[in-house]
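Structure file input_28.cif (mmCIF, N, CA and C atoms) is printed below.
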```cif
data_run
loop_
_atom_site.label_atom_id
_atom_site.label_comp_id
_atom_site.auth_asym_id
_atom_site.auth_seq_id
_atom_site.Cartn_x
_atom_site.Cartn_y
_atom_site.Cartn_z
N MET A 29 19.95 9.37 -5.82
CA MET A 29 18.69 9.86 -5.35
C MET A 29 17.67 9.73 -6.48
N ILE A 30 16.49 9.30 -6.13
CA ILE A 30 15.38 9.23 -7.07
C ILE A 30 14.29 10.14 -6.54
N ILE A 31 13.82 11.02 -7.39
CA ILE A 31 12.68 11.87 -7.03
C ILE A 31 11.54 11.49 -7.96
N ALA A 32 10.46 11.02 -7.39
CA ALA A 32 9.26 10.69 -8.15
C ALA A 32 8.21 11.73 -7.84
N ALA A 33 7.61 12.29 -8.86
CA ALA A 33 6.61 13.35 -8.67
C ALA A 33 5.35 12.99 -9.44
N PRO A 34 4.57 12.05 -8.91
CA PRO A 34 3.35 11.66 -9.62
C PRO A 34 2.34 12.80 -9.66
N GLN A 35 1.62 12.89 -10.75
CA GLN A 35 0.57 13.88 -10.89
C GLN A 35 -0.76 13.23 -10.54
N PRO A 36 -1.50 13.81 -9.61
CA PRO A 36 -2.72 13.15 -9.12
C PRO A 36 -3.83 13.09 -10.16
N ASN A 37 -4.58 11.99 -10.10
CA ASN A 37 -5.78 11.85 -10.92
C ASN A 37 -7.00 12.34 -10.15
N ASP A 38 -6.85 12.44 -8.86
CA ASP A 38 -7.88 12.99 -7.99
C ASP A 38 -7.19 13.41 -6.69
N TRP A 39 -7.91 13.91 -5.74
CA TRP A 39 -7.33 14.26 -4.45
C TRP A 39 -7.76 13.24 -3.41
N LYS A 40 -8.04 12.04 -3.87
CA LYS A 40 -8.59 11.03 -2.97
C LYS A 40 -7.81 9.73 -3.08
N GLU A 41 -8.51 8.62 -2.88
CA GLU A 41 -7.87 7.31 -2.77
C GLU A 41 -7.17 6.84 -4.04
N THR A 42 -7.69 7.21 -5.22
CA THR A 42 -7.06 6.74 -6.46
C THR A 42 -5.60 7.18 -6.53
N SER A 43 -5.37 8.45 -6.35
CA SER A 43 -4.00 8.96 -6.41
C SER A 43 -3.15 8.43 -5.26
N ALA A 44 -3.76 8.27 -4.09
CA ALA A 44 -3.01 7.72 -2.96
C ALA A 44 -2.58 6.29 -3.26
N ARG A 45 -3.48 5.47 -3.78
CA ARG A 45 -3.11 4.08 -4.14
C ARG A 45 -2.03 4.06 -5.21
N GLN A 46 -2.11 4.96 -6.18
CA GLN A 46 -1.09 5.01 -7.24
C GLN A 46 0.27 5.41 -6.66
N THR A 47 0.27 6.32 -5.71
CA THR A 47 1.53 6.74 -5.07
C THR A 47 2.15 5.58 -4.30
N VAL A 48 1.33 4.84 -3.56
CA VAL A 48 1.83 3.67 -2.83
C VAL A 48 2.39 2.64 -3.81
N ALA A 49 1.67 2.38 -4.89
CA ALA A 49 2.13 1.41 -5.89
C ALA A 49 3.45 1.86 -6.52
N LEU A 50 3.57 3.14 -6.83
CA LEU A 50 4.81 3.66 -7.41
C LEU A 50 5.97 3.51 -6.42
N THR A 51 5.72 3.83 -5.17
CA THR A 51 6.77 3.69 -4.14
C THR A 51 7.22 2.24 -4.03
N ARG A 52 6.27 1.33 -3.97
CA ARG A 52 6.62 -0.10 -3.87
C ARG A 52 7.39 -0.56 -5.11
N TYR A 53 6.99 -0.08 -6.27
CA TYR A 53 7.70 -0.44 -7.50
C TYR A 53 9.16 0.04 -7.43
N LEU A 54 9.35 1.31 -7.05
CA LEU A 54 10.70 1.86 -6.99
C LEU A 54 11.56 1.12 -5.98
N ILE A 55 11.00 0.83 -4.81
CA ILE A 55 11.75 0.10 -3.78
C ILE A 55 12.10 -1.30 -4.27
N GLY A 56 11.18 -1.93 -5.00
CA GLY A 56 11.40 -3.29 -5.47
C GLY A 56 12.34 -3.41 -6.66
N HIS A 57 12.52 -2.32 -7.42
CA HIS A 57 13.32 -2.40 -8.64
C HIS A 57 14.64 -1.64 -8.59
N TYR A 58 14.86 -0.89 -7.54
CA TYR A 58 16.10 -0.12 -7.42
C TYR A 58 16.71 -0.35 -6.05
N ASN A 59 17.99 -0.08 -5.93
CA ASN A 59 18.70 -0.24 -4.67
C ASN A 59 18.42 0.99 -3.79
N ILE A 60 17.32 0.94 -3.06
CA ILE A 60 16.88 2.07 -2.25
C ILE A 60 16.97 1.70 -0.78
N ASP A 61 17.58 2.58 -0.01
CA ASP A 61 17.66 2.41 1.44
C ASP A 61 16.27 2.70 2.01
N SER A 62 15.62 1.71 2.57
CA SER A 62 14.24 1.87 3.06
C SER A 62 14.14 2.85 4.23
N GLU A 63 15.28 3.19 4.82
CA GLU A 63 15.27 4.18 5.90
C GLU A 63 15.34 5.61 5.37
N LYS A 64 15.40 5.75 4.05
CA LYS A 64 15.51 7.08 3.45
C LYS A 64 14.46 7.28 2.36
N VAL A 65 13.25 6.85 2.63
CA VAL A 65 12.15 7.06 1.69
C VAL A 65 11.26 8.13 2.28
N TYR A 66 11.21 9.26 1.59
CA TYR A 66 10.50 10.42 2.10
C TYR A 66 9.27 10.70 1.24
N LEU A 67 8.28 11.29 1.85
CA LEU A 67 7.03 11.63 1.16
C LEU A 67 6.76 13.11 1.38
N ASN A 68 6.37 13.80 0.32
CA ASN A 68 6.07 15.23 0.41
C ASN A 68 4.76 15.51 -0.29
N GLY A 69 3.95 16.36 0.31
CA GLY A 69 2.72 16.78 -0.32
C GLY A 69 2.47 18.25 -0.06
N TYR A 70 2.10 18.97 -1.11
CA TYR A 70 1.84 20.40 -1.00
C TYR A 70 0.38 20.67 -1.35
N SER A 71 -0.29 21.45 -0.54
CA SER A 71 -1.68 21.85 -0.74
C SER A 71 -2.57 20.61 -0.85
N GLY A 72 -3.33 20.47 -1.93
CA GLY A 72 -4.18 19.29 -2.09
C GLY A 72 -3.37 18.01 -2.12
N GLY A 73 -2.14 18.10 -2.60
CA GLY A 73 -1.24 16.94 -2.58
C GLY A 73 -0.92 16.51 -1.16
N GLY A 74 -0.91 17.46 -0.24
CA GLY A 74 -0.70 17.12 1.18
C GLY A 74 -1.84 16.29 1.72
N GLU A 75 -3.05 16.63 1.28
CA GLU A 75 -4.21 15.84 1.70
C GLU A 75 -4.14 14.43 1.12
N THR A 76 -3.73 14.33 -0.13
CA THR A 76 -3.57 13.01 -0.76
C THR A 76 -2.48 12.21 -0.06
N GLU A 77 -1.37 12.86 0.25
CA GLU A 77 -0.26 12.15 0.88
C GLU A 77 -0.62 11.71 2.30
N TYR A 78 -1.53 12.42 2.94
CA TYR A 78 -2.04 11.94 4.24
C TYR A 78 -2.73 10.59 4.04
N LEU A 79 -3.50 10.46 2.97
CA LEU A 79 -4.16 9.18 2.67
C LEU A 79 -3.12 8.10 2.39
N VAL A 80 -2.03 8.48 1.73
CA VAL A 80 -0.93 7.54 1.49
C VAL A 80 -0.39 7.04 2.83
N MET A 81 -0.21 7.93 3.77
CA MET A 81 0.30 7.53 5.08
C MET A 81 -0.69 6.66 5.83
N GLU A 82 -1.97 6.85 5.61
CA GLU A 82 -2.96 5.95 6.21
C GLU A 82 -2.85 4.55 5.61
N MET A 83 -2.58 4.48 4.30
CA MET A 83 -2.54 3.20 3.59
C MET A 83 -1.25 2.42 3.83
N ALA A 84 -0.12 3.12 3.87
CA ALA A 84 1.16 2.41 3.93
C ALA A 84 2.21 3.20 4.70
N PRO A 85 1.99 3.47 5.99
CA PRO A 85 2.95 4.27 6.75
C PRO A 85 4.32 3.60 6.86
N GLU A 86 4.36 2.30 6.72
CA GLU A 86 5.63 1.57 6.85
C GLU A 86 6.60 1.87 5.72
N LEU A 87 6.13 2.44 4.62
CA LEU A 87 6.99 2.71 3.47
C LEU A 87 7.84 3.97 3.62
N TYR A 88 7.43 4.88 4.49
CA TYR A 88 8.04 6.21 4.53
C TYR A 88 8.63 6.51 5.90
N THR A 89 9.80 7.12 5.90
CA THR A 89 10.43 7.48 7.17
C THR A 89 10.23 8.95 7.51
N VAL A 90 9.99 9.77 6.52
CA VAL A 90 9.76 11.20 6.74
C VAL A 90 8.59 11.63 5.87
N PHE A 91 7.73 12.46 6.44
CA PHE A 91 6.60 13.03 5.72
C PHE A 91 6.67 14.54 5.85
N LEU A 92 6.84 15.25 4.74
CA LEU A 92 6.88 16.70 4.72
C LEU A 92 5.53 17.20 4.25
N HIS A 93 4.83 17.85 5.13
CA HIS A 93 3.47 18.32 4.91
C HIS A 93 3.52 19.84 4.71
N CYS A 94 3.21 20.31 3.49
CA CYS A 94 3.36 21.73 3.17
C CYS A 94 2.02 22.38 2.82
N SER A 95 1.72 23.47 3.52
CA SER A 95 0.55 24.29 3.21
C SER A 95 -0.68 23.47 2.86
N SER A 96 -1.09 22.66 3.80
CA SER A 96 -2.23 21.78 3.59
C SER A 96 -2.92 21.57 4.92
N GLN A 97 -3.88 20.70 4.95
CA GLN A 97 -4.51 20.34 6.21
C GLN A 97 -4.70 18.84 6.25
N LEU A 98 -4.75 18.32 7.44
CA LEU A 98 -4.94 16.89 7.64
C LEU A 98 -6.20 16.69 8.46
N ASN A 99 -6.96 15.70 8.09
CA ASN A 99 -8.18 15.37 8.82
C ASN A 99 -8.16 13.88 9.14
N GLY A 100 -8.77 13.54 10.24
CA GLY A 100 -8.89 12.12 10.56
C GLY A 100 -7.93 11.67 11.64
N ASP A 101 -7.62 10.38 11.60
CA ASP A 101 -6.77 9.74 12.59
C ASP A 101 -5.30 9.96 12.22
N PHE A 102 -4.56 10.60 13.12
CA PHE A 102 -3.15 10.90 12.85
C PHE A 102 -2.22 9.77 13.27
N THR A 103 -2.75 8.72 13.84
CA THR A 103 -1.91 7.63 14.34
C THR A 103 -0.94 7.08 13.29
N PRO A 104 -1.36 6.86 12.03
CA PRO A 104 -0.39 6.35 11.04
C PRO A 104 0.79 7.28 10.82
N LEU A 105 0.61 8.57 11.06
CA LEU A 105 1.68 9.53 10.81
C LEU A 105 2.85 9.37 11.76
N VAL A 106 2.60 8.89 12.97
CA VAL A 106 3.70 8.81 13.94
C VAL A 106 4.65 7.67 13.64
N GLU A 107 4.39 6.91 12.59
CA GLU A 107 5.35 5.90 12.14
C GLU A 107 6.51 6.56 11.41
N ALA A 108 6.32 7.81 11.02
CA ALA A 108 7.35 8.55 10.31
C ALA A 108 7.68 9.81 11.11
N ILE A 109 8.73 10.48 10.69
CA ILE A 109 9.03 11.80 11.21
C ILE A 109 8.22 12.76 10.35
N VAL A 110 7.47 13.64 10.98
CA VAL A 110 6.62 14.57 10.24
C VAL A 110 7.14 15.99 10.41
N TYR A 111 7.35 16.65 9.28
CA TYR A 111 7.68 18.07 9.28
C TYR A 111 6.50 18.78 8.64
N MET A 112 6.13 19.92 9.21
CA MET A 112 4.99 20.66 8.70
C MET A 112 5.40 22.09 8.43
N VAL A 113 4.98 22.60 7.27
CA VAL A 113 5.33 23.96 6.85
C VAL A 113 4.08 24.62 6.29
N THR A 114 3.88 25.87 6.66
CA THR A 114 2.82 26.66 6.05
C THR A 114 3.21 28.12 6.08
N GLY A 115 2.63 28.90 5.20
CA GLY A 115 2.92 30.33 5.16
C GLY A 115 2.23 31.07 6.29
N GLU A 116 2.89 32.10 6.79
CA GLU A 116 2.34 32.91 7.87
C GLU A 116 0.94 33.42 7.55
N SER A 117 0.72 33.82 6.31
CA SER A 117 -0.57 34.38 5.91
C SER A 117 -1.25 33.54 4.84
N ASP A 118 -1.05 32.24 4.87
CA ASP A 118 -1.67 31.37 3.88
C ASP A 118 -3.18 31.61 3.89
N SER A 119 -3.72 32.00 2.76
CA SER A 119 -5.13 32.39 2.71
C SER A 119 -6.06 31.20 2.50
N TYR A 120 -5.53 30.06 2.10
CA TYR A 120 -6.38 28.90 1.85
C TYR A 120 -6.35 27.93 3.02
N TYR A 121 -5.15 27.52 3.39
CA TYR A 121 -4.97 26.64 4.55
C TYR A 121 -4.38 27.48 5.67
N ALA A 122 -5.19 27.94 6.53
CA ALA A 122 -4.72 28.80 7.62
C ALA A 122 -3.73 28.06 8.51
N ARG A 123 -2.79 28.79 9.04
CA ARG A 123 -1.79 28.13 9.89
C ARG A 123 -2.41 27.56 11.15
N SER A 124 -3.61 28.01 11.50
CA SER A 124 -4.28 27.47 12.69
C SER A 124 -4.54 25.97 12.54
N SER A 125 -4.84 25.50 11.30
CA SER A 125 -5.06 24.07 11.11
C SER A 125 -3.76 23.29 11.29
N VAL A 126 -2.64 23.90 10.88
CA VAL A 126 -1.34 23.24 11.07
C VAL A 126 -1.01 23.19 12.55
N ARG A 127 -1.27 24.25 13.28
CA ARG A 127 -1.03 24.25 14.74
C ARG A 127 -1.86 23.16 15.42
N LYS A 128 -3.10 23.03 15.01
CA LYS A 128 -3.99 22.02 15.60
C LYS A 128 -3.45 20.61 15.32
N THR A 129 -3.06 20.37 14.09
CA THR A 129 -2.49 19.07 13.72
C THR A 129 -1.21 18.81 14.51
N TYR A 130 -0.36 19.83 14.61
CA TYR A 130 0.90 19.70 15.35
C TYR A 130 0.62 19.28 16.79
N GLY A 131 -0.34 19.92 17.42
CA GLY A 131 -0.67 19.58 18.80
C GLY A 131 -1.10 18.12 18.95
N LYS A 132 -1.89 17.63 18.02
CA LYS A 132 -2.33 16.23 18.08
C LYS A 132 -1.15 15.28 17.86
N LEU A 133 -0.28 15.64 16.91
CA LEU A 133 0.89 14.78 16.66
C LEU A 133 1.83 14.73 17.85
N VAL A 134 2.03 15.86 18.51
CA VAL A 134 2.90 15.90 19.69
C VAL A 134 2.37 14.94 20.75
N GLN A 135 1.07 14.95 20.97
CA GLN A 135 0.47 14.04 21.95
C GLN A 135 0.75 12.59 21.57
N LEU A 136 0.59 12.26 20.29
CA LEU A 136 0.83 10.89 19.84
C LEU A 136 2.31 10.50 19.97
N TYR A 137 3.21 11.43 19.61
CA TYR A 137 4.64 11.15 19.75
C TYR A 137 5.02 10.95 21.21
N ARG A 138 4.45 11.76 22.09
CA ARG A 138 4.71 11.59 23.52
C ARG A 138 4.23 10.22 23.99
N GLY A 139 3.11 9.78 23.44
CA GLY A 139 2.59 8.45 23.77
C GLY A 139 3.54 7.34 23.35
N LYS A 140 4.37 7.62 22.34
CA LYS A 140 5.39 6.66 21.90
C LYS A 140 6.67 6.78 22.70
N GLY A 141 6.70 7.75 23.64
CA GLY A 141 7.86 7.89 24.50
C GLY A 141 8.83 8.99 24.11
N LEU A 142 8.54 9.76 23.07
CA LEU A 142 9.42 10.86 22.71
C LEU A 142 9.27 11.99 23.71
N THR A 143 10.37 12.65 24.00
CA THR A 143 10.37 13.71 24.99
C THR A 143 10.46 15.08 24.31
N ASP A 144 10.29 16.12 25.09
CA ASP A 144 10.36 17.47 24.56
C ASP A 144 11.72 17.80 23.96
N SER A 145 12.77 17.11 24.39
CA SER A 145 14.09 17.37 23.82
C SER A 145 14.17 16.92 22.37
N VAL A 146 13.29 16.01 21.96
CA VAL A 146 13.23 15.53 20.59
C VAL A 146 12.20 16.31 19.79
N LEU A 147 11.08 16.63 20.43
CA LEU A 147 9.99 17.33 19.74
C LEU A 147 10.33 18.82 19.65
N ARG A 148 10.19 19.35 18.47
CA ARG A 148 10.50 20.77 18.28
C ARG A 148 9.21 21.57 18.35
N PRO A 149 9.25 22.69 19.04
CA PRO A 149 8.03 23.50 19.16
C PRO A 149 7.64 24.14 17.83
N TYR A 150 6.37 24.41 17.69
CA TYR A 150 5.84 25.06 16.51
C TYR A 150 6.26 26.49 16.49
#
```
In structure tokens, what does this structure look like?
Amino acid sequence: MIIAAPQPNDWKETSARQTVALTRYLIGHYNIDSEKVYLNGYSGGGETEYLVMEMAPELYTVFLHCSSQLNGDFTPLVEAIVYMVTGESDSYYARSSVRKTYGKLVQLYRGKGLTDSVLRPY
């Protein structure tokens, strides 16, 4: 197992591009099962990792989104399995934003043919 934990230079495209480049480097230089490449982002890192998923969704099979919010087009996210976690009383990223994102993702997953037996309720 390889765990890479890049430290962001910003919360925008620069760090997202660096994360994609690092992932491609690791996949290209090590014996990595491409079906087991996971992405995790916490708080502002979750926002950055959302940009990563917009740039290169094909690189990741699972995206763990922790105590953050996502804005924009969620279509790239449905290329991966998305898990979302937030604290019951998170004072910065309210769980209502996670519920809203979850609802949009469920609609997109259903559009891909996934059924309620596969989708787990919030």
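Comparing the minimum interatomic distances between A:Thr51 and each of A:Leu87, A:Gly141, A:Glu116, A:Asn37, counting all atoms listed in the file, we find that A:Leu87 sits nearest.
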Residues matched by the PyMOL selection byres (((chain A and resi 108 and name CA) around 6) and name CA) as number ranges by chain:
A: 89-90, 105-107, 109
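The nearest approach to A:Met29 among the residues A:Gln46, A:Arg138, A:Tyr58, A:Arg52, with only C-alpha atoms taken into account, belongs to A:Tyr58.
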Min atom-atom distance to A:Met81 from the set A:Ala44, A:Val134, A:Met112, A:Val146, counting only C-alpha atoms, belongs to A:Ala44
Give me the result of the PyMOL selection byres ((chain A and resi 114) around 8) on this file, residue by residue, as a short mmCIF file (atom, residue, chain, number, x, y, z; two decimals) with N, CA and C atoms, in the coordinates of the input.
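Generated file (result10.cif):
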```
data_model
loop_
_atom_site.label_atom_id
_atom_site.label_comp_id
_atom_site.auth_asym_id
_atom_site.auth_seq_id
_atom_site.Cartn_x
_atom_site.Cartn_y
_atom_site.Cartn_z
N HIS A 93 4.83 17.85 5.13
CA HIS A 93 3.47 18.32 4.91
C HIS A 93 3.52 19.84 4.71
N CYS A 94 3.21 20.31 3.49
CA CYS A 94 3.36 21.73 3.17
C CYS A 94 2.02 22.38 2.82
N SER A 95 1.72 23.47 3.52
CA SER A 95 0.55 24.29 3.21
C SER A 95 -0.68 23.47 2.86
N SER A 96 -1.09 22.66 3.80
CA SER A 96 -2.23 21.78 3.59
C SER A 96 -2.92 21.57 4.92
N TYR A 111 7.35 16.65 9.28
CA TYR A 111 7.68 18.07 9.28
C TYR A 111 6.50 18.78 8.64
N MET A 112 6.13 19.92 9.21
CA MET A 112 4.99 20.66 8.70
C MET A 112 5.40 22.09 8.43
N VAL A 113 4.98 22.60 7.27
CA VAL A 113 5.33 23.96 6.85
C VAL A 113 4.08 24.62 6.29
N GLY A 115 2.63 28.90 5.20
CA GLY A 115 2.92 30.33 5.16
C GLY A 115 2.23 31.07 6.29
N GLU A 116 2.89 32.10 6.79
CA GLU A 116 2.34 32.91 7.87
C GLU A 116 0.94 33.42 7.55
N SER A 117 0.72 33.82 6.31
CA SER A 117 -0.57 34.38 5.91
C SER A 117 -1.25 33.54 4.84
N ASP A 118 -1.05 32.24 4.87
CA ASP A 118 -1.67 31.37 3.88
C ASP A 118 -3.18 31.61 3.89
N TYR A 121 -5.15 27.52 3.39
CA TYR A 121 -4.97 26.64 4.55
C TYR A 121 -4.38 27.48 5.67
N ALA A 122 -5.19 27.94 6.53
CA ALA A 122 -4.72 28.80 7.62
C ALA A 122 -3.73 28.06 8.51
N ARG A 123 -2.79 28.79 9.04
CA ARG A 123 -1.79 28.13 9.89
C ARG A 123 -2.41 27.56 11.15
N VAL A 126 -2.64 23.90 10.88
CA VAL A 126 -1.34 23.24 11.07
C VAL A 126 -1.01 23.19 12.55
#
```
Rounded to one decimal place, report the atom N of A:Phe102-atom CA of A:Lys128 distance in Å.
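So the two atoms, atom N of A:Phe102 and atom CA of A:Lys128, lie 11.7 Å apart.
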If you measure from atom N of A:Gly74 to atom N of A:Gly100, what distance in Å do you get, rounded to one decimal?
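About the pair atom N of A:Gly74 and atom N of A:Gly100: they are 13.7 Å apart.
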